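Trainee: I am sharing protein_8.tsv, which consists of TSV, C-alpha atoms:
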```
chain	number	residue	atom	x	y	z
A	1	MET	CA	0.00	0.00	0.00
A	2	VAL	CA	0.97	3.64	-0.30
A	3	ILE	CA	1.18	6.13	2.55
A	4	TYR	CA	2.47	9.67	2.66
A	5	LEU	CA	4.90	11.07	5.20
A	6	ARG	CA	5.36	14.80	5.53
A	7	SER	CA	7.46	17.14	7.61
A	8	GLY	CA	7.91	20.85	7.50
A	9	GLY	CA	10.65	21.10	10.07
A	10	LYS	CA	14.17	19.82	10.42
A	11	LEU	CA	13.13	16.30	9.38
A	12	ARG	CA	12.40	17.43	5.87
A	13	ASP	CA	15.90	16.79	4.55
A	14	ARG	CA	15.92	13.25	5.92
A	15	LEU	CA	12.52	12.59	4.43
A	16	GLN	CA	13.61	13.53	0.88
A	17	PRO	CA	10.19	14.81	-0.24
A	18	ASP	CA	9.06	13.81	-3.73
A	19	VAL	CA	5.35	14.72	-3.89
A	20	ASP	CA	5.74	18.36	-2.94
A	21	GLN	CA	8.38	20.14	-0.90
A	22	TYR	CA	7.17	18.56	2.34
A	23	THR	CA	5.71	15.17	1.40
A	24	ARG	CA	7.21	11.79	0.52
A	25	ARG	CA	5.25	8.94	-1.08
A	26	VAL	CA	6.17	5.63	0.53
A	27	GLU	CA	5.21	2.15	-0.66
A	28	VAL	CA	5.07	-0.41	2.12
A	29	GLU	CA	4.33	-4.13	2.40
A	30	GLY	CA	1.48	-5.10	4.72
A	31	THR	CA	0.56	-2.70	7.54
A	32	PRO	CA	3.82	-1.76	9.23
A	33	THR	CA	4.14	0.62	12.19
A	34	LEU	CA	5.57	4.08	11.79
A	35	ARG	CA	8.67	2.82	13.57
A	36	GLU	CA	9.11	0.03	11.02
A	37	ILE	CA	8.56	2.45	8.16
A	38	LEU	CA	11.21	4.82	9.53
A	39	THR	CA	13.65	1.91	9.85
A	40	SER	CA	13.04	0.91	6.24
A	41	MET	CA	13.78	4.50	5.20
A	42	ASP	CA	16.97	4.64	7.28
A	43	ILE	CA	15.59	7.45	9.44
A	44	PRO	CA	16.75	7.10	13.07
A	45	HIS	CA	13.78	6.80	15.45
A	46	ALA	CA	15.38	9.37	17.76
A	47	LEU	CA	14.75	12.04	15.11
A	48	VAL	CA	10.97	11.54	15.30
A	49	ALA	CA	9.04	12.28	18.50
A	50	PHE	CA	5.61	11.42	17.13
A	51	GLY	CA	3.43	11.84	14.09
A	52	PHE	CA	-0.06	13.16	13.60
A	53	SER	CA	-2.79	12.40	11.13
A	54	GLN	CA	-6.51	13.07	10.88
A	55	GLY	CA	-6.28	15.50	13.80
A	56	THR	CA	-4.72	13.04	16.25
A	57	VAL	CA	-1.23	12.46	17.60
A	58	ARG	CA	0.19	9.07	16.52
A	59	ARG	CA	2.89	7.23	18.41
A	60	LEU	CA	5.56	5.30	16.55
A	61	ASP	CA	3.65	2.04	17.08
A	62	TYR	CA	0.77	3.42	14.98
A	63	ARG	CA	-0.04	1.57	11.75
A	64	PRO	CA	-1.03	3.99	8.97
A	65	THR	CA	-3.70	2.92	6.52
A	66	GLU	CA	-3.81	3.13	2.72
A	67	GLY	CA	-3.35	6.68	1.45
A	68	GLU	CA	-2.97	8.18	4.93
A	69	VAL	CA	-0.87	11.31	5.32
A	70	VAL	CA	1.17	11.31	8.54
A	71	THR	CA	3.03	14.45	9.57
A	72	LEU	CA	6.21	13.69	11.49
A	73	GLN	CA	7.41	15.83	14.37
A	74	PRO	CA	11.00	15.99	15.62
A	75	PRO	CA	11.67	16.05	19.35
A	76	VAL	CA	11.13	19.66	20.44
A	77	ALA	CA	12.45	20.67	23.83
A	78	GLY	CA	14.03	24.11	23.59
A	79	GLY	CA	12.91	27.20	25.39
B	1	MET	CA	2.01	49.20	45.01
B	2	GLN	CA	-1.73	49.55	44.40
B	3	ALA	CA	-2.73	51.93	41.61
B	4	PRO	CA	-5.71	54.30	42.12
B	5	LYS	CA	-8.90	52.87	40.58
B	6	ASP	CA	-9.09	55.30	37.65
B	7	GLN	CA	-5.47	54.56	36.73
B	8	PHE	CA	-6.18	50.86	37.09
B	9	ASP	CA	-9.14	51.07	34.73
B	10	GLN	CA	-7.24	53.18	32.23
B	11	ARG	CA	-4.23	50.87	32.25
B	12	TYR	CA	-6.31	47.85	31.29
B	13	VAL	CA	-9.05	49.56	29.27
B	14	ARG	CA	-7.95	48.01	25.95
B	15	GLN	CA	-8.43	44.48	27.27
B	16	LEU	CA	-11.49	45.01	29.49
B	17	GLY	CA	-13.60	45.26	26.33
B	18	VAL	CA	-12.87	41.67	25.29
B	19	PRO	CA	-16.22	39.85	25.54
B	20	GLY	CA	-16.31	37.95	28.83
B	21	TRP	CA	-13.25	39.72	30.26
B	22	GLY	CA	-14.49	42.97	31.80
B	23	ALA	CA	-13.94	44.10	35.38
B	24	GLU	CA	-14.61	40.61	36.73
B	25	GLY	CA	-11.97	39.02	34.49
B	26	GLN	CA	-9.50	41.70	35.47
B	27	ARG	CA	-10.28	41.13	39.14
B	28	ARG	CA	-9.63	37.42	38.66
B	29	LEU	CA	-6.30	38.13	37.00
B	30	ALA	CA	-5.33	40.48	39.81
B	31	ALA	CA	-6.09	37.74	42.34
B	32	SER	CA	-4.04	35.13	40.46
B	33	HIS	CA	-0.57	33.73	40.89
B	34	VAL	CA	1.43	32.34	37.95
B	35	PHE	CA	4.66	30.41	38.40
B	36	ILE	CA	6.98	30.93	35.42
B	37	ALA	CA	9.51	28.10	35.20
B	38	GLY	CA	12.42	29.56	33.26
B	39	VAL	CA	13.00	33.06	31.92
B	40	GLY	CA	14.74	32.18	28.68
B	41	GLY	CA	13.20	32.74	25.27
B	42	LEU	CA	9.73	31.47	26.20
B	43	GLY	CA	9.71	32.90	29.71
B	44	CYS	CA	10.76	36.40	28.65
B	45	ALA	CA	7.87	36.63	26.19
B	46	ALA	CA	5.29	35.00	28.44
B	47	SER	CA	6.22	37.03	31.54
B	48	VAL	CA	6.01	40.35	29.70
B	49	HIS	CA	2.47	39.63	28.54
B	50	LEU	CA	1.32	38.35	31.92
B	51	ALA	CA	2.79	41.33	33.76
B	52	ALA	CA	1.35	43.80	31.28
B	53	ALA	CA	-2.06	42.10	31.50
B	54	GLY	CA	-2.13	42.60	35.27
B	55	VAL	CA	-1.72	39.11	36.73
B	56	GLY	CA	-1.52	39.89	40.45
B	57	LYS	CA	1.47	37.77	41.34
B	58	LEU	CA	4.24	36.33	39.20
B	59	THR	CA	6.97	34.07	40.48
B	60	VAL	CA	9.89	34.01	38.08
B	61	CYS	CA	12.25	31.08	38.56
B	62	ASP	CA	15.58	30.48	36.85
B	63	ALA	CA	18.99	29.41	38.11
B	64	ASP	CA	20.97	30.64	35.08
B	65	ARG	CA	22.85	33.83	34.38
B	66	VAL	CA	22.51	35.94	31.24
B	67	GLU	CA	24.91	35.02	28.42
B	68	LEU	CA	25.67	36.80	25.17
B	69	SER	CA	24.16	33.92	23.15
B	70	ASN	CA	20.80	34.48	24.93
B	71	LEU	CA	20.26	37.93	23.49
B	72	ASN	CA	18.82	36.87	20.12
B	73	ARG	CA	15.62	35.73	21.84
B	74	GLN	CA	15.58	36.63	25.54
B	75	VAL	CA	14.26	40.12	25.11
B	76	LEU	CA	14.24	41.22	28.75
B	77	TYR	CA	18.04	41.35	28.81
B	78	THR	CA	20.68	43.70	27.42
B	79	PRO	CA	24.45	43.31	26.98
B	80	GLN	CA	24.89	45.08	30.33
B	81	ASP	CA	23.09	42.17	32.04
B	82	ILE	CA	25.56	39.50	30.95
B	83	GLY	CA	26.73	37.54	33.99
B	84	HIS	CA	23.77	38.57	36.15
B	85	GLU	CA	21.06	36.17	37.37
B	86	LYS	CA	18.23	36.04	34.87
B	87	ALA	CA	15.50	35.88	37.50
B	88	LEU	CA	16.73	39.05	39.22
B	89	VAL	CA	17.14	41.03	36.00
B	90	ALA	CA	13.80	39.82	34.64
B	91	VAL	CA	11.97	40.88	37.78
B	92	GLU	CA	13.56	44.33	37.66
B	93	ARG	CA	12.36	44.81	34.05
B	94	LEU	CA	8.91	43.42	34.74
B	95	ARG	CA	8.45	45.65	37.79
B	96	ALA	CA	9.27	48.64	35.62
B	97	LEU	CA	6.64	47.48	33.15
B	98	ASN	CA	3.94	47.05	35.79
B	99	PRO	CA	4.73	48.36	39.30
B	100	SER	CA	1.22	47.57	40.56
B	101	ILE	CA	1.67	43.78	40.64
B	102	GLU	CA	3.77	41.53	42.87
B	103	ILE	CA	6.73	39.88	41.16
B	104	ALA	CA	9.03	37.53	43.03
B	105	PRO	CA	12.36	36.24	41.74
B	106	VAL	CA	13.57	32.74	42.61
B	107	VAL	CA	17.15	31.80	41.72
B	108	ALA	CA	16.93	28.03	41.98
B	109	GLU	CA	17.21	24.82	39.99
B	110	ILE	CA	13.92	23.07	39.33
B	111	ASP	CA	14.18	19.32	39.84
B	112	GLU	CA	12.19	16.45	41.31
B	113	ARG	CA	13.16	17.47	44.86
B	114	THR	CA	12.41	21.17	44.58
B	115	ALA	CA	9.59	21.54	42.03
B	116	CYS	CA	6.55	21.07	44.27
B	117	ASP	CA	7.85	23.44	46.96
B	118	LEU	CA	8.63	26.08	44.35
B	119	VAL	CA	5.19	26.09	42.73
B	120	ARG	CA	3.21	26.02	45.99
B	121	GLY	CA	0.35	28.53	45.95
B	122	ALA	CA	0.38	29.06	42.19
B	123	ASP	CA	-2.84	28.90	40.19
B	124	VAL	CA	-1.07	27.87	37.01
B	125	ILE	CA	2.46	26.81	36.04
B	126	LEU	CA	4.09	27.99	32.83
B	127	ASP	CA	6.63	25.55	31.44
B	128	CYS	CA	9.19	27.84	29.82
B	129	LEU	CA	12.06	25.40	30.29
B	130	ASP	CA	14.80	24.42	27.89
B	131	ASN	CA	15.19	20.69	28.49
B	132	LEU	CA	13.09	17.55	28.82
B	133	LEU	CA	14.33	16.29	32.18
B	134	THR	CA	13.31	19.43	34.04
B	135	ARG	CA	10.01	19.48	32.16
B	136	PHE	CA	9.26	15.97	33.38
B	137	ALA	CA	10.03	17.00	36.96
B	138	LEU	CA	7.67	19.96	36.63
B	139	ASN	CA	5.04	17.74	35.03
B	140	ARG	CA	5.20	15.26	37.92
B	141	CYS	CA	4.72	18.18	40.28
B	142	SER	CA	1.71	19.41	38.26
B	143	VAL	CA	0.18	15.92	38.43
B	144	ALA	CA	0.85	15.63	42.18
B	145	THR	CA	-0.46	19.06	43.14
B	146	GLY	CA	-3.30	19.37	40.62
B	147	ILE	CA	-1.96	22.75	39.46
B	148	PRO	CA	-2.46	23.02	35.68
B	149	MET	CA	0.61	23.46	33.50
B	150	VAL	CA	0.91	25.26	30.19
B	151	TYR	CA	3.43	23.22	28.21
B	152	ALA	CA	5.49	24.72	25.42
B	153	ALA	CA	8.69	23.90	23.59
B	154	VAL	CA	10.47	25.30	20.55
B	155	SER	CA	13.13	24.30	18.05
B	156	GLU	CA	14.07	26.27	14.94
B	157	PHE	CA	10.72	27.43	13.49
B	158	THR	CA	8.74	24.66	15.20
B	159	GLY	CA	6.66	25.17	18.35
B	160	HIS	CA	4.39	23.05	20.54
B	161	VAL	CA	1.82	24.33	23.05
B	162	SER	CA	-0.73	22.51	25.21
B	163	PHE	CA	-2.73	23.00	28.39
B	164	LEU	CA	-2.18	20.08	30.75
B	165	HIS	CA	-4.50	19.48	33.71
B	166	PRO	CA	-4.76	15.78	34.46
B	167	PRO	CA	-6.90	13.82	35.01
B	168	ALA	CA	-9.11	15.98	32.77
B	169	THR	CA	-6.33	16.06	30.15
B	170	PRO	CA	-3.20	14.04	29.37
B	171	CYS	CA	-0.02	14.97	31.19
B	172	LEU	CA	3.27	15.61	29.43
B	173	GLU	CA	4.50	12.04	29.78
B	174	CYS	CA	1.37	10.71	28.10
B	175	PHE	CA	2.59	11.99	24.73
B	176	VAL	CA	6.23	13.13	24.94
B	177	SER	CA	8.87	10.42	24.96
B	178	ARG	CA	11.91	10.63	27.20
B	179	THR	CA	14.22	10.61	24.19
B	180	PRO	CA	15.95	14.00	24.24
B	181	PRO	CA	16.67	15.88	21.02
B	182	PRO	CA	20.08	14.89	19.67
B	183	VAL	CA	21.58	18.38	19.70
B	184	GLU	CA	20.92	21.72	21.38
B	185	PRO	CA	18.33	23.33	19.11
B	186	ALA	CA	18.69	26.54	17.19
B	187	ILE	CA	15.97	28.96	18.33
B	188	PRO	CA	15.17	32.18	16.49
B	189	GLY	CA	13.72	34.85	18.74
B	190	CYS	CA	10.54	35.06	16.69
B	191	THR	CA	9.68	31.41	17.42
B	192	ALA	CA	10.27	31.80	21.15
B	193	GLY	CA	8.36	35.09	21.21
B	194	LEU	CA	5.35	33.68	19.38
B	195	VAL	CA	5.13	30.53	21.48
B	196	GLY	CA	5.78	32.37	24.75
B	197	ALA	CA	2.94	34.76	23.94
B	198	LEU	CA	0.67	31.78	23.27
B	199	GLU	CA	1.58	30.40	26.70
B	200	ALA	CA	0.52	33.70	28.25
B	201	MET	CA	-2.73	33.50	26.28
B	202	GLU	CA	-3.46	30.01	27.61
B	203	ALA	CA	-2.83	31.19	31.18
B	204	ILE	CA	-4.98	34.30	30.78
B	205	LYS	CA	-7.89	32.30	29.35
B	206	PHE	CA	-7.70	29.86	32.23
B	207	LEU	CA	-7.45	32.56	34.90
B	208	THR	CA	-10.20	34.78	33.53
B	209	GLY	CA	-12.44	31.87	32.55
B	210	ILE	CA	-12.93	33.04	28.98
B	211	GLY	CA	-12.49	31.03	25.81
B	212	GLU	CA	-11.21	27.48	25.53
B	213	ASN	CA	-7.84	26.14	26.54
B	214	LEU	CA	-5.78	23.67	24.53
B	215	ALA	CA	-6.95	20.93	26.87
B	216	GLY	CA	-6.47	17.49	25.34
B	217	ARG	CA	-5.04	19.20	22.27
B	218	LEU	CA	-1.58	20.10	21.05
B	219	LEU	CA	-0.93	23.16	18.91
B	220	VAL	CA	1.84	22.38	16.44
B	221	ILE	CA	3.41	25.37	14.70
B	222	GLU	CA	5.59	24.93	11.63
B	223	GLY	CA	6.69	28.45	10.94
B	224	LEU	CA	8.57	27.73	7.73
B	225	GLU	CA	5.57	26.48	5.76
B	226	PRO	CA	3.79	28.28	7.57
B	227	ARG	CA	1.24	25.93	9.13
B	228	PHE	CA	-0.64	25.68	12.41
B	229	ASP	CA	-2.25	22.36	13.38
B	230	VAL	CA	-4.29	21.55	16.46
B	231	VAL	CA	-4.22	17.82	17.07
B	232	GLY	CA	-5.84	15.64	19.70
B	233	ILE	CA	-3.75	14.04	22.44
B	234	ALA	CA	-5.08	11.26	24.62
B	235	ARG	CA	-4.30	10.11	28.14
B	236	ASP	CA	-2.08	7.04	28.32
B	237	PRO	CA	-3.53	4.64	30.91
B	238	GLY	CA	-0.02	3.26	31.40
B	239	CYS	CA	1.59	6.70	31.76
B	240	PRO	CA	4.31	6.54	34.43
B	241	ALA	CA	3.31	9.99	35.71
B	242	CYS	CA	-0.50	10.12	35.67
B	243	GLY	CA	-1.67	6.61	34.70
B	244	GLN	CA	-3.25	4.00	36.92
B	245	PRO	CA	-0.62	2.06	38.86
B	246	ARG	CA	-0.15	-1.39	37.32
B	247	ARG	CA	-1.07	-4.33	39.56
```
Before we go any further, please render this structure as structure tokens.

Mentor:
Amino acid sequence: MVIYLRSGGKLRDRLQPDVDQYTRRVEVEGTPTLREILTSMDIPHALVAFGFSQGTVRRLDYRPTEGEVVTLQPPVAGG
Amino acid sequence: MQAPKDQFDQRYVRQLGVPGWGAEGQRRLAASHVFIAGVGGLGCAASVHLAAAGVGKLTVCDADRVELSNLNRQVLYTPQDIGHEKALVAVERLRALNPSIEIAPVVAEIDERTACDLVRGADVILDCLDNLLTRFALNRCSVATGIPMVYAAVSEFTGHVSFLHPPATPCLECFVSRTPPPVEPAIPGCTAGLVGALEAMEAIKFLTGIGENLAGRLLVIEGLEPRFDVVGIARDPGCPACGQPRR
């Protein structure tokens, strides 16, 4: 199936967007978790704090569904 | 120092007209106590807006001293303040801004041992900290005392804001992992200023009772796109801070 990962922040370079300047189309086998998808893309888990889609925060054990757009967030802790 | 009533009314006249605010909202603010944890980029912005709005008591807590590299975003300080305690300098500037409110400096580290004593008596806690470990200590204190906490964090052009008041809402550990960011983040002053002002807004809404807080929701700001998202966050029943103890 196909899902879409997007990031507007510092993760964007790692994501290598190809749909628009923020979004990457990703083909996956089965229904993997976000963590498994990041591993397959060689993106260290430590660079992603959580994702969100359809108005809800998604942890890395979330399994996106066909066509879903998940926005990834880096860890943010500065002040 | 208490201002005469006509001066008081004139000072706040441009906010008293906000629907639902009025004299009663202003009275509530004047009777309120906000604990500001950290007067860095977030805390400078938030404290200015809370002092100017007339919050009756502010406690400003920070153990650090002003450094040259702070000045791009910590707008209460000048080059002449370098080497001085941030809390003391901040309070001096805030008192000049609004002499009619009480502002107390605390030069102290916030950690698991000290947090609950430091925030005692506050109506709301503002998390204006710069690292996850101290945030978690403050969060545990918010959970233990029942004092709501406005959470915020920034990195580059990204900002997060939420209003945490468990058990009605998640706590910080329900949705933020303990994995710290890999490097010290770059923080433009505009990001810290924007997000700090939003923290003040959350506190003012809570204290005056107007509007809706970001309870159970996280505001995610991506300034470069630019894009603002408000996304739902849920309580984690297994949360080590606010969840049910496992049997």

Trainee: Taking 6 positions as the minimum chain separation for residues in the same chain, which residues sit within 8 Å of Leu34 in chain A when counting all atoms listed in the file? Answer as a PyMOL selection string.

Mentor: chain A and resi 59-64

Trainee: When you count only C-alpha atoms, which of these residues is closest to Ile187 in chain B: B:Lys86, B:Arg11, B:Arg73, B:Arg95?

Mentor: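 Result for the nearest residue to Ile187 in chain B: B:Arg73.
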
Trainee: Which residue out of B:Ala197, B:Val124, B:Val18, B:Ala186 has the minimum interatomic distance to chain A when all atoms listed in the file are used?

Mentor: B:Ala186

Trainee: Have a look at B:Thr158, B:Thr59, B:Ser47, B:Thr78 and name the one nearest to chain A; count only C-alpha atoms.

Mentor: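 Checking each candidate against chain A, we get B:Thr158 as the closest.
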
Trainee: Report as a VMD selection string the set of chain A residues whose atoms approach chain B to within 6 Å, with distances computed over only C-alpha atoms.

Mentor: chain A and resid 55 to 57 75 to 79

Trainee: Restricting the calculation to only C-alpha atoms, which member of A:Gln73, A:Thr23, A:Asp18, A:Ser40 is positioned closest to Arg6 in chain A?

Mentor: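 Of A:Gln73, A:Thr23, A:Asp18, A:Ser40, the one nearest Arg6 in chain A is A:Thr23, counting only C-alpha atoms.
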
Trainee: Which residues are close to Ala241 in chain B, i.e. within 12 Å by all atoms listed in the file, leaving aside same-chain residues fewer than 6 positions away? Reply as a PyMOL selection string.

Mentor: chain B and resi 136-144+166-167+170-176+235

Trainee: Find the residue from A:Leu11, A:Val70, A:Leu5, A:Val26 that sits nearest to Ala46 in chain A; use all atoms listed in the file when measuring.

Mentor: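 Among the listed residues, the smallest separation from Ala46 in chain A belongs to A:Leu11.
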
Trainee: One number please: CA of Glu102 in chain B to CA of Leu58 in chain B, in Å, one decimal.

Mentor: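 Computing the Euclidean distance for CA of Glu102 in chain B and CA of Leu58 in chain B yields 6.4 Å.
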
Trainee: Can you tell me, as number ranges by chain, what residues are no more than 6 Å from Val66 in chain B when counting all atoms listed in the file, ignoring any on the same chain fewer than 2 positions away?

Mentor: B: 82-84, 86

Trainee: With all atoms of range 77-95 of chain B from the file as input, state the centre and edge lengths in Å to one decimal of the axis-aligned box that has 4 Å extra on each side, as JSON.

Mentor:
```
{"center_x": 17.6, "center_y": 40.8, "center_z": 33.1, "size_x": 26.3, "size_y": 17.8, "size_z": 20.2}
```

Trainee: Generate the missing atoms of range 5-29 of chain A up to N, CA and C atoms and report them as a compact mmCIF listing (two decimals), in the frame of the given file.

Mentor:
```txt
# COMPACT_ATOMS: atom_id res chain seq x y z
N LEU A 5 4.29 10.48 4.02
CA LEU A 5 4.90 11.07 5.20
C LEU A 5 5.27 12.50 4.86
N ARG A 6 5.00 13.40 5.80
CA ARG A 6 5.36 14.80 5.53
C ARG A 6 6.03 15.40 6.76
N SER A 7 6.86 16.39 6.52
CA SER A 7 7.46 17.14 7.61
C SER A 7 7.87 18.50 7.12
N GLY A 8 7.55 19.50 7.90
CA GLY A 8 7.91 20.85 7.50
C GLY A 8 9.12 21.36 8.25
N GLY A 9 9.56 20.61 9.24
CA GLY A 9 10.65 21.10 10.07
C GLY A 9 11.98 20.49 9.67
N LYS A 10 12.81 20.25 10.69
CA LYS A 10 14.17 19.82 10.42
C LYS A 10 14.25 18.39 9.86
N LEU A 11 13.14 17.66 9.92
CA LEU A 11 13.13 16.30 9.38
C LEU A 11 13.03 16.27 7.86
N ARG A 12 12.73 17.41 7.29
CA ARG A 12 12.40 17.43 5.87
C ARG A 12 13.56 16.90 5.01
N ASP A 13 14.76 17.26 5.34
CA ASP A 13 15.90 16.79 4.55
C ASP A 13 16.03 15.27 4.60
N ARG A 14 15.80 14.71 5.79
CA ARG A 14 15.92 13.25 5.92
C ARG A 14 14.81 12.54 5.16
N LEU A 15 13.69 13.21 5.05
CA LEU A 15 12.52 12.59 4.43
C LEU A 15 12.65 12.54 2.90
N GLN A 16 13.43 13.43 2.34
CA GLN A 16 13.61 13.53 0.88
C GLN A 16 12.25 13.58 0.17
N PRO A 17 11.54 14.69 0.33
CA PRO A 17 10.19 14.81 -0.24
C PRO A 17 10.19 14.64 -1.76
N ASP A 18 9.14 14.00 -2.28
CA ASP A 18 9.06 13.81 -3.73
C ASP A 18 7.68 14.15 -4.30
N VAL A 19 6.69 14.37 -3.41
CA VAL A 19 5.35 14.72 -3.89
C VAL A 19 5.23 16.24 -4.01
N ASP A 20 5.58 16.91 -2.93
CA ASP A 20 5.74 18.36 -2.94
C ASP A 20 6.93 18.64 -2.03
N GLN A 21 7.13 19.87 -1.64
CA GLN A 21 8.38 20.14 -0.90
C GLN A 21 8.37 19.63 0.54
N TYR A 22 7.24 19.07 0.96
CA TYR A 22 7.17 18.56 2.34
C TYR A 22 6.82 17.07 2.42
N THR A 23 6.37 16.48 1.33
CA THR A 23 5.71 15.17 1.40
C THR A 23 6.46 14.11 0.60
N ARG A 24 6.57 12.92 1.18
CA ARG A 24 7.21 11.79 0.52
C ARG A 24 6.20 10.65 0.38
N ARG A 25 6.10 10.12 -0.82
CA ARG A 25 5.25 8.94 -1.08
C ARG A 25 6.05 7.70 -0.72
N VAL A 26 5.45 6.82 0.07
CA VAL A 26 6.17 5.63 0.53
C VAL A 26 5.32 4.40 0.25
N GLU A 27 5.90 3.43 -0.45
CA GLU A 27 5.21 2.15 -0.66
C GLU A 27 5.66 1.18 0.41
N VAL A 28 4.71 0.52 1.06
CA VAL A 28 5.07 -0.41 2.12
C VAL A 28 4.35 -1.75 1.89
N GLU A 29 4.94 -2.79 2.43
CA GLU A 29 4.33 -4.13 2.40
C GLU A 29 3.51 -4.33 3.67
```
